[in-house]
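Here is data_17.cif, consisting of mmCIF, C-alpha atoms:
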data_target
#
loop_
_atom_site.group_PDB
_atom_site.id
_atom_site.type_symbol
_atom_site.label_atom_id
_atom_site.label_comp_id
_atom_site.auth_asym_id
_atom_site.auth_seq_id
_atom_site.Cartn_x
_atom_site.Cartn_y
_atom_site.Cartn_z
ATOM 1 C CA MET A 139 24.388 33.617 2.351
ATOM 2 C CA PHE A 140 26.695 30.718 1.518
ATOM 3 C CA PHE A 141 27.960 29.017 4.675
ATOM 4 C CA GLY A 142 27.718 32.276 6.594
ATOM 5 C CA LEU A 143 29.536 34.306 3.912
ATOM 6 C CA PRO A 144 28.133 37.534 2.535
ATOM 7 C CA GLN A 145 26.514 37.211 -0.921
ATOM 8 C CA GLN A 146 29.498 38.690 -2.822
ATOM 9 C CA HIS A 147 31.895 36.143 -1.266
ATOM 10 C CA ALA A 148 29.438 33.289 -1.882
ATOM 11 C CA SER A 149 29.485 33.861 -5.636
ATOM 12 C CA VAL A 150 33.308 33.869 -5.613
ATOM 13 C CA LYS A 151 33.300 30.614 -3.627
ATOM 14 C CA GLU A 152 30.782 29.035 -6.043
ATOM 15 C CA SER A 153 32.850 30.185 -8.997
ATOM 16 C CA LEU A 154 35.989 28.616 -7.514
ATOM 17 C CA MET A 155 34.136 25.344 -6.883
ATOM 18 C CA LYS A 156 32.875 25.247 -10.479
ATOM 19 C CA SER A 157 36.378 25.942 -11.763
ATOM 20 C CA ARG A 158 37.766 23.174 -9.572
ATOM 21 C CA ARG A 159 35.186 20.669 -10.874
ATOM 22 C CA LEU A 160 35.976 21.662 -14.455
ATOM 23 C CA LEU A 161 39.698 21.231 -13.826
ATOM 24 C CA ILE A 162 39.122 17.768 -12.352
ATOM 25 C CA LEU A 163 37.033 16.736 -15.377
ATOM 26 C CA ILE A 164 39.685 18.014 -17.791
ATOM 27 C CA CYS A 165 42.426 16.139 -15.897
ATOM 28 C CA ALA A 166 40.370 12.949 -15.893
ATOM 29 C CA ALA A 167 39.737 13.228 -19.632
ATOM 30 C CA ALA A 168 43.419 13.884 -20.310
ATOM 31 C CA ALA A 169 44.469 10.904 -18.178
ATOM 32 C CA THR A 170 42.050 8.643 -20.047
ATOM 33 C CA SER A 171 43.398 9.680 -23.440
ATOM 34 C CA VAL A 172 47.006 9.234 -22.280
ATOM 35 C CA LEU A 173 46.263 5.659 -21.126
ATOM 36 C CA ALA A 174 44.536 4.670 -24.383
ATOM 37 C CA ASP A 175 46.630 3.175 -27.177
ATOM 38 C CA GLY A 176 45.251 5.612 -29.710
ATOM 39 C CA PRO A 177 44.989 5.120 -33.475
ATOM 40 C CA ALA A 178 47.887 2.638 -33.472
ATOM 41 C CA ASP A 179 45.717 0.178 -31.564
ATOM 42 C CA ASN A 180 43.183 0.218 -34.397
ATOM 43 C CA VAL A 181 45.604 -1.283 -36.920
ATOM 44 C CA ALA A 182 44.599 -4.948 -37.209
ATOM 45 C CA ASP A 183 48.185 -6.252 -37.108
ATOM 46 C CA LYS A 184 49.034 -4.220 -34.001
ATOM 47 C CA VAL A 185 45.992 -4.764 -31.782
ATOM 48 C CA ARG A 186 46.941 -6.258 -28.440
ATOM 49 C CA ARG A 187 45.361 -9.641 -28.072
ATOM 50 C CA VAL A 188 43.200 -10.084 -24.976
ATOM 51 C CA PRO A 189 43.686 -12.576 -23.491
ATOM 52 C CA PRO A 190 47.198 -13.200 -24.762
ATOM 53 C CA PRO A 191 47.835 -16.422 -26.702
ATOM 54 C CA GLY A 192 48.059 -19.520 -24.570
ATOM 55 C CA ILE A 193 50.653 -22.258 -24.600
ATOM 56 C CA THR A 194 51.328 -24.372 -27.659
ATOM 57 C CA ILE A 195 49.680 -27.766 -27.391
ATOM 58 C CA SER A 196 50.990 -30.787 -29.263
ATOM 59 C CA GLU A 197 49.729 -31.409 -32.788
ATOM 60 C CA ALA A 198 48.433 -34.807 -31.642
ATOM 61 C CA SER A 199 46.382 -33.212 -28.845
ATOM 62 C CA ARG A 200 45.122 -30.495 -31.173
ATOM 63 C CA ALA A 201 44.059 -33.102 -33.755
ATOM 64 C CA GLU A 202 42.378 -35.254 -31.099
ATOM 65 C CA LEU A 203 40.438 -32.308 -29.650
ATOM 66 C CA THR A 204 39.523 -30.992 -33.099
ATOM 67 C CA THR A 205 38.127 -34.401 -34.050
ATOM 68 C CA GLY A 206 36.264 -34.685 -30.740
ATOM 69 C CA ALA A 207 34.763 -31.214 -31.121
ATOM 70 C CA ALA A 208 33.693 -32.017 -34.691
ATOM 71 C CA GLU A 209 32.029 -35.250 -33.536
ATOM 72 C CA LEU A 210 30.200 -33.415 -30.740
ATOM 73 C CA GLY A 211 29.132 -30.760 -33.261
ATOM 74 C CA GLN A 212 27.714 -33.452 -35.550
ATOM 75 C CA GLU A 213 25.880 -35.033 -32.612
ATOM 76 C CA ILE A 214 24.393 -31.639 -31.709
ATOM 77 C CA ASP A 215 23.195 -31.169 -35.300
ATOM 78 C CA ALA A 216 21.664 -34.645 -35.290
ATOM 79 C CA LEU A 217 19.974 -33.961 -31.939
ATOM 80 C CA ARG A 218 18.537 -30.701 -33.238
ATOM 81 C CA SER A 219 16.750 -32.709 -35.940
ATOM 82 C CA ALA A 220 15.811 -35.641 -33.720
ATOM 83 C CA LEU A 221 14.303 -33.423 -31.012
ATOM 84 C CA LYS A 222 12.195 -31.194 -33.287
ATOM 85 C CA SER A 223 9.050 -32.974 -32.131
ATOM 86 C CA LYS A 224 10.120 -32.741 -28.457
ATOM 87 C CA PRO A 225 10.376 -29.008 -27.690
ATOM 88 C CA ALA A 226 10.980 -29.523 -23.952
ATOM 89 C CA LEU A 227 14.126 -31.539 -24.717
ATOM 90 C CA LEU A 228 15.167 -29.324 -27.628
ATOM 91 C CA GLU A 229 15.103 -26.396 -25.209
ATOM 92 C CA LEU A 230 17.894 -28.147 -23.260
ATOM 93 C CA LEU A 231 20.229 -28.420 -26.277
ATOM 94 C CA PRO A 232 22.282 -25.376 -25.167
ATOM 95 C CA ASP A 233 23.226 -27.423 -22.097
ATOM 96 C CA VAL A 234 25.127 -29.651 -24.547
ATOM 97 C CA GLN A 235 26.307 -26.915 -26.896
ATOM 98 C CA ILE A 236 28.281 -25.160 -24.143
ATOM 99 C CA TYR A 237 30.726 -28.072 -24.059
ATOM 100 C CA HIS A 238 31.284 -27.910 -27.805
ATOM 101 C CA LYS A 239 31.790 -24.154 -27.696
ATOM 102 C CA ALA A 240 34.237 -24.359 -24.783
ATOM 103 C CA VAL A 241 36.572 -26.716 -26.616
ATOM 104 C CA SER A 242 36.195 -25.414 -30.160
ATOM 105 C CA TRP A 243 36.800 -21.808 -29.092
ATOM 106 C CA ALA A 244 39.804 -22.775 -26.952
ATOM 107 C CA LEU A 245 41.257 -24.424 -30.060
ATOM 108 C CA ARG A 246 40.317 -21.594 -32.413
ATOM 109 C CA TYR A 247 41.700 -18.824 -30.222
ATOM 110 C CA ASP A 248 44.673 -20.721 -28.691
ATOM 111 C CA GLU A 249 43.309 -20.373 -25.171
ATOM 112 C CA PHE A 250 45.050 -23.250 -23.434
ATOM 113 C CA PHE A 251 47.020 -21.571 -20.656
ATOM 114 C CA LYS A 252 48.195 -24.595 -18.636
ATOM 115 C CA SER A 253 49.262 -28.034 -19.809
ATOM 116 C CA ASN A 254 46.492 -29.744 -17.806
ATOM 117 C CA GLU A 255 43.822 -27.883 -19.797
ATOM 118 C CA VAL A 256 44.159 -30.373 -22.647
ATOM 119 C CA GLN A 257 42.856 -33.042 -20.284
ATOM 120 C CA VAL A 258 40.137 -30.645 -19.110
ATOM 121 C CA ALA A 259 39.090 -30.217 -22.757
ATOM 122 C CA ARG A 260 38.911 -33.998 -23.178
ATOM 123 C CA THR A 261 36.685 -34.171 -20.102
ATOM 124 C CA LEU A 262 34.451 -31.415 -21.456
ATOM 125 C CA LEU A 263 34.003 -33.272 -24.748
ATOM 126 C CA LYS A 264 33.157 -36.447 -22.845
ATOM 127 C CA GLN A 265 30.614 -34.599 -20.680
ATOM 128 C CA GLY A 266 29.097 -33.004 -23.785
ATOM 129 C CA MET A 267 28.702 -36.396 -25.473
ATOM 130 C CA GLU A 268 27.199 -37.862 -22.282
ATOM 131 C CA ARG A 269 24.638 -35.065 -22.099
ATOM 132 C CA ALA A 270 23.863 -35.474 -25.798
ATOM 133 C CA GLN A 271 23.204 -39.191 -25.313
ATOM 134 C CA LEU A 272 21.029 -38.500 -22.274
ATOM 135 C CA LEU A 273 18.982 -35.976 -24.250
ATOM 136 C CA ARG A 274 18.639 -38.463 -27.098
ATOM 137 C CA ASP A 275 17.278 -40.943 -24.520
ATOM 138 C CA GLY A 276 14.802 -38.331 -23.261
ATOM 139 C CA LYS A 277 16.628 -37.678 -20.000
ATOM 140 C CA ALA A 278 18.207 -34.554 -18.491
ATOM 141 C CA PRO A 279 19.347 -35.384 -14.950
ATOM 142 C CA TRP A 280 21.403 -32.188 -14.670
ATOM 143 C CA ILE A 281 18.217 -30.090 -14.394
ATOM 144 C CA SER A 282 17.564 -31.599 -10.963
ATOM 145 C CA ALA A 283 21.200 -31.991 -9.903
ATOM 146 C CA THR A 284 22.622 -30.287 -6.844
ATOM 147 C CA GLY A 285 25.983 -28.611 -6.404
ATOM 148 C CA LEU A 286 27.626 -26.690 -9.226
ATOM 149 C CA VAL A 287 25.636 -27.261 -12.419
ATOM 150 C CA ALA A 288 26.773 -25.995 -15.837
ATOM 151 C CA ARG A 289 23.908 -24.855 -18.034
ATOM 152 C CA GLY A 290 23.519 -22.952 -21.282
ATOM 153 C CA TYR A 291 21.111 -20.665 -23.054
ATOM 154 C CA ILE A 292 20.728 -19.001 -26.440
ATOM 155 C CA SER A 293 21.304 -15.255 -26.288
ATOM 156 C CA ARG A 294 18.370 -13.169 -27.490
ATOM 157 C CA ILE A 295 20.873 -10.501 -28.510
ATOM 158 C CA ASP A 296 22.962 -12.424 -31.040
ATOM 159 C CA GLY A 297 21.717 -16.027 -31.009
ATOM 160 C CA SER A 298 24.979 -17.352 -29.553
ATOM 161 C CA VAL A 299 25.211 -20.133 -26.998
ATOM 162 C CA GLN A 300 26.163 -18.784 -23.572
ATOM 163 C CA PRO A 301 27.188 -20.819 -20.538
ATOM 164 C CA TYR A 302 26.221 -20.108 -16.966
ATOM 165 C CA GLY A 303 26.632 -21.948 -13.702
ATOM 166 C CA LEU A 304 24.232 -22.573 -10.865
ATOM 167 C CA VAL A 305 25.072 -23.656 -7.370
ATOM 168 C CA VAL A 306 22.053 -25.679 -6.307
ATOM 169 C CA PRO A 307 21.821 -26.466 -2.590
ATOM 170 C CA ALA A 308 21.908 -30.127 -1.586
ATOM 171 C CA SER A 309 18.531 -29.643 0.117
ATOM 172 C CA TYR A 310 16.844 -28.839 -3.216
ATOM 173 C CA GLN A 311 14.025 -31.213 -4.096
ATOM 174 C CA PRO A 312 12.406 -30.689 -7.531
ATOM 175 C CA GLY A 313 8.661 -30.215 -7.342
ATOM 176 C CA THR A 314 8.604 -29.125 -3.696
ATOM 177 C CA PHE A 315 7.952 -25.664 -2.331
ATOM 178 C CA HIS A 316 11.028 -23.802 -1.095
ATOM 179 C CA GLN A 317 11.284 -20.587 0.850
#
Starting from the coordinates I provided, produce the structure as C-alpha cells.
Amino acid sequence: MFFGLPQQHASVKESLMKSRRLLILICAAAATSVLADGPADNVADKVRRVPPPGITISEASRAELTTGAAELGQEIDALRSALKSKPALLELLPDVQIYHKAVSWALRYDEFFKSNEVQVARTLLKQGMERAQLLRDGKAPWISATGLVARGYISRIDGSVQPYGLVVPASYQPGTFHQ
C-alpha cells in the first residue's frame, strides 16, 4: 500500500509523481537554455566582457603604472636569481609577485573602476617593492604580522601566482602553541 491506498492506486500515484519530476526537469532545462546567450555568445567579437571595462585612466597615469609594474617585474626576476641559494626566502617570492600581478592585470584588462584606484595601484607597487627589498635583505616581517595580511602562492594547477588574504589575530605569537 502507498500511503493507505490500494496497490492499483499506488502505481497511478507513483506514475504521476514520476511524470511531475520529469516535467520539472524539462522546464528547468528549457529555462536554462533560454537564459543562455547561445551560439552568438561564442563569436569572439560579440562575447560579453566580464567584468565590463573600467574607466579610462589618463595616459600619464597609465604610463607611470606601466613603468612601475615593469620595474617591479624586473626586481622579481632579479630576486628569483638572487634567492636561488635561499629556498626559504625564494618560497616567499609569490608574496611579492601578487602586487605585480594586481597592477599589471588591472592595466592589461582595463580594470580600474573608480578614479581612486590609480592611487591604490601606486600603493600596491610601492608595497611590492618594499617586500622585494625586505626579501633581498633576508627579511619577511609579513609572515608574523597580525591583522589582514596579503599573501601569495603558486598554483599547482597552472603555475600562476594567486593571492589570498589572512586575518591573523592580534594575540598571535609566532613560535608559541595556540589552541
- Find the residue from A:Ala270, A:Val258, A:Ile236, A:Val241 that sits nearest to A:Arg289; use all atoms listed in the file when measuring.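 Among the listed residues, the smallest separation from A:Arg289 belongs to A:Ile236.
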- Task: Check what the PyMOL selection byres ((chain A and resi 304) around 10) selects in the file above and give those residues as a list of chain:residue names.
- Result: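 That expression, the PyMOL selection byres ((chain A and resi 304) around 10), corresponds here to A:Ala283, A:Thr284, A:Gly285, A:Leu286, A:Val287, A:Ala288, A:Arg289, A:Tyr302, A:Gly303, A:Val305, A:Val306, A:Pro307.
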Next, dump the selected residues to file, keeping only C-alpha atoms, as a short mmCIF file (atom, residue, chain, number, x, y, z; two decimals), keeping the file's coordinate frame.
data_model
loop_
_atom_site.label_atom_id
_atom_site.label_comp_id
_atom_site.auth_asym_id
_atom_site.auth_seq_id
_atom_site.Cartn_x
_atom_site.Cartn_y
_atom_site.Cartn_z
CA ALA A 283 21.20 -31.99 -9.90
CA THR A 284 22.62 -30.29 -6.84
CA GLY A 285 25.98 -28.61 -6.40
CA LEU A 286 27.63 -26.69 -9.23
CA VAL A 287 25.64 -27.26 -12.42
CA ALA A 288 26.77 -26.00 -15.84
CA ARG A 289 23.91 -24.86 -18.03
CA TYR A 302 26.22 -20.11 -16.97
CA GLY A 303 26.63 -21.95 -13.70
CA VAL A 305 25.07 -23.66 -7.37
CA VAL A 306 22.05 -25.68 -6.31
CA PRO A 307 21.82 -26.47 -2.59
#
Please identify every residue of stretch 232-294 of chain A that has at least one atom no farther than 12 Å from an atom of stretch 199-220 of chain A, counting only C-alpha atoms, and for each give the shortest atom pair and the distance in Å to one decimal, arranged by chain then increasing number, as JSON lines.
{"residue": "A:Pro232", "atom": "CA", "partner": "A:Ile214", "partner_atom": "CA", "distance": 9.3}
{"residue": "A:Asp233", "atom": "CA", "partner": "A:Ile214", "partner_atom": "CA", "distance": 10.6}
{"residue": "A:Val234", "atom": "CA", "partner": "A:Ile214", "partner_atom": "CA", "distance": 7.5}
{"residue": "A:Gln235", "atom": "CA", "partner": "A:Ile214", "partner_atom": "CA", "distance": 7.0}
{"residue": "A:Ile236", "atom": "CA", "partner": "A:Ile214", "partner_atom": "CA", "distance": 10.7}
{"residue": "A:Tyr237", "atom": "CA", "partner": "A:Leu210", "partner_atom": "CA", "distance": 8.6}
{"residue": "A:His238", "atom": "CA", "partner": "A:Ala207", "partner_atom": "CA", "distance": 5.8}
{"residue": "A:Lys239", "atom": "CA", "partner": "A:Ala207", "partner_atom": "CA", "distance": 8.4}
{"residue": "A:Ala240", "atom": "CA", "partner": "A:Ala207", "partner_atom": "CA", "distance": 9.4}
{"residue": "A:Val241", "atom": "CA", "partner": "A:Ala207", "partner_atom": "CA", "distance": 6.6}
{"residue": "A:Ser242", "atom": "CA", "partner": "A:Ala207", "partner_atom": "CA", "distance": 6.1}
{"residue": "A:Trp243", "atom": "CA", "partner": "A:Ala207", "partner_atom": "CA", "distance": 9.8}
{"residue": "A:Ala244", "atom": "CA", "partner": "A:Leu203", "partner_atom": "CA", "distance": 9.9}
{"residue": "A:Leu245", "atom": "CA", "partner": "A:Arg200", "partner_atom": "CA", "distance": 7.3}
{"residue": "A:Arg246", "atom": "CA", "partner": "A:Thr204", "partner_atom": "CA", "distance": 9.5}
{"residue": "A:Asp248", "atom": "CA", "partner": "A:Arg200", "partner_atom": "CA", "distance": 10.1}
{"residue": "A:Glu249", "atom": "CA", "partner": "A:Arg200", "partner_atom": "CA", "distance": 11.9}
{"residue": "A:Phe250", "atom": "CA", "partner": "A:Arg200", "partner_atom": "CA", "distance": 10.6}
{"residue": "A:Ser253", "atom": "CA", "partner": "A:Ser199", "partner_atom": "CA", "distance": 10.8}
{"residue": "A:Asn254", "atom": "CA", "partner": "A:Ser199", "partner_atom": "CA", "distance": 11.6}
{"residue": "A:Glu255", "atom": "CA", "partner": "A:Ser199", "partner_atom": "CA", "distance": 10.8}
{"residue": "A:Val256", "atom": "CA", "partner": "A:Ser199", "partner_atom": "CA", "distance": 7.2}
{"residue": "A:Gln257", "atom": "CA", "partner": "A:Ser199", "partner_atom": "CA", "distance": 9.3}
{"residue": "A:Val258", "atom": "CA", "partner": "A:Leu203", "partner_atom": "CA", "distance": 10.7}
{"residue": "A:Ala259", "atom": "CA", "partner": "A:Leu203", "partner_atom": "CA", "distance": 7.3}
{"residue": "A:Arg260", "atom": "CA", "partner": "A:Leu203", "partner_atom": "CA", "distance": 6.9}
{"residue": "A:Thr261", "atom": "CA", "partner": "A:Leu203", "partner_atom": "CA", "distance": 10.4}
{"residue": "A:Leu262", "atom": "CA", "partner": "A:Ala207", "partner_atom": "CA", "distance": 9.7}
{"residue": "A:Leu263", "atom": "CA", "partner": "A:Gly206", "partner_atom": "CA", "distance": 6.6}
{"residue": "A:Lys264", "atom": "CA", "partner": "A:Gly206", "partner_atom": "CA", "distance": 8.7}
{"residue": "A:Gln265", "atom": "CA", "partner": "A:Leu210", "partner_atom": "CA", "distance": 10.1}
{"residue": "A:Gly266", "atom": "CA", "partner": "A:Leu210", "partner_atom": "CA", "distance": 7.1}
{"residue": "A:Met267", "atom": "CA", "partner": "A:Leu210", "partner_atom": "CA", "distance": 6.2}
{"residue": "A:Glu268", "atom": "CA", "partner": "A:Leu210", "partner_atom": "CA", "distance": 10.0}
{"residue": "A:Arg269", "atom": "CA", "partner": "A:Ile214", "partner_atom": "CA", "distance": 10.2}
{"residue": "A:Ala270", "atom": "CA", "partner": "A:Ile214", "partner_atom": "CA", "distance": 7.1}
{"residue": "A:Gln271", "atom": "CA", "partner": "A:Glu213", "partner_atom": "CA", "distance": 8.8}
{"residue": "A:Leu272", "atom": "CA", "partner": "A:Leu217", "partner_atom": "CA", "distance": 10.7}
{"residue": "A:Leu273", "atom": "CA", "partner": "A:Leu217", "partner_atom": "CA", "distance": 8.0}
{"residue": "A:Arg274", "atom": "CA", "partner": "A:Leu217", "partner_atom": "CA", "distance": 6.7}
{"residue": "A:Asp275", "atom": "CA", "partner": "A:Leu217", "partner_atom": "CA", "distance": 10.5}
{"residue": "A:Gly276", "atom": "CA", "partner": "A:Ala220", "partner_atom": "CA", "distance": 10.8}
- Task: Work out how far apart atom CA of A:Ser282 and atom CA of A:Pro312 are and give it in Å to one decimal.
- Result: 6.3 Å
Using the file's own x, y and z axes, so that the box edges lie along x, y and z, what centre and edge lengths in Å (one decimal) does a box around every listed atom of stretch 230-238 of chain A get when 8 Å is added on each side? Give it as lines of an AutoDock Vina configuration file.
center_x = 24.6
center_y = -27.4
center_z = -25.0
size_x = 29.4
size_y = 20.5
size_z = 21.7
- Task: Take the PyMOL selection byres ((chain A and resi 191) around 9), apply it to the structure above, and return the hits as a ChimeraX atom specification.
- Result: /A:187-190,192-194,247-251
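Straight-line separation from atom CA of A:Arg294 to atom CA of A:Ala278: 23.2 Å.
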- A:Tyr310, A:Ser157, A:Val185, A:Lys277 ranked by distance to A:Ala226, top pick (using all atoms listed in the file): A:Lys277
- atom CA of A:Glu229 to atom CA of A:Ala308 measures 24.9 Å
- Message: Given all atoms listed in the file as the basis, pick out the residue of A:Tyr291, A:Asp296, A:Val181, A:Glu152 nearest to A:Leu230.
- Response: A:Tyr291
- Which residue, A:Arg158, A:Gln300, A:Pro225, A:Ile195, has the smallest gap to A:Lys252 when you use all atoms listed in the file?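 Between A:Arg158, A:Gln300, A:Pro225, A:Ile195, the residue approaching A:Lys252 most closely is A:Ile195.
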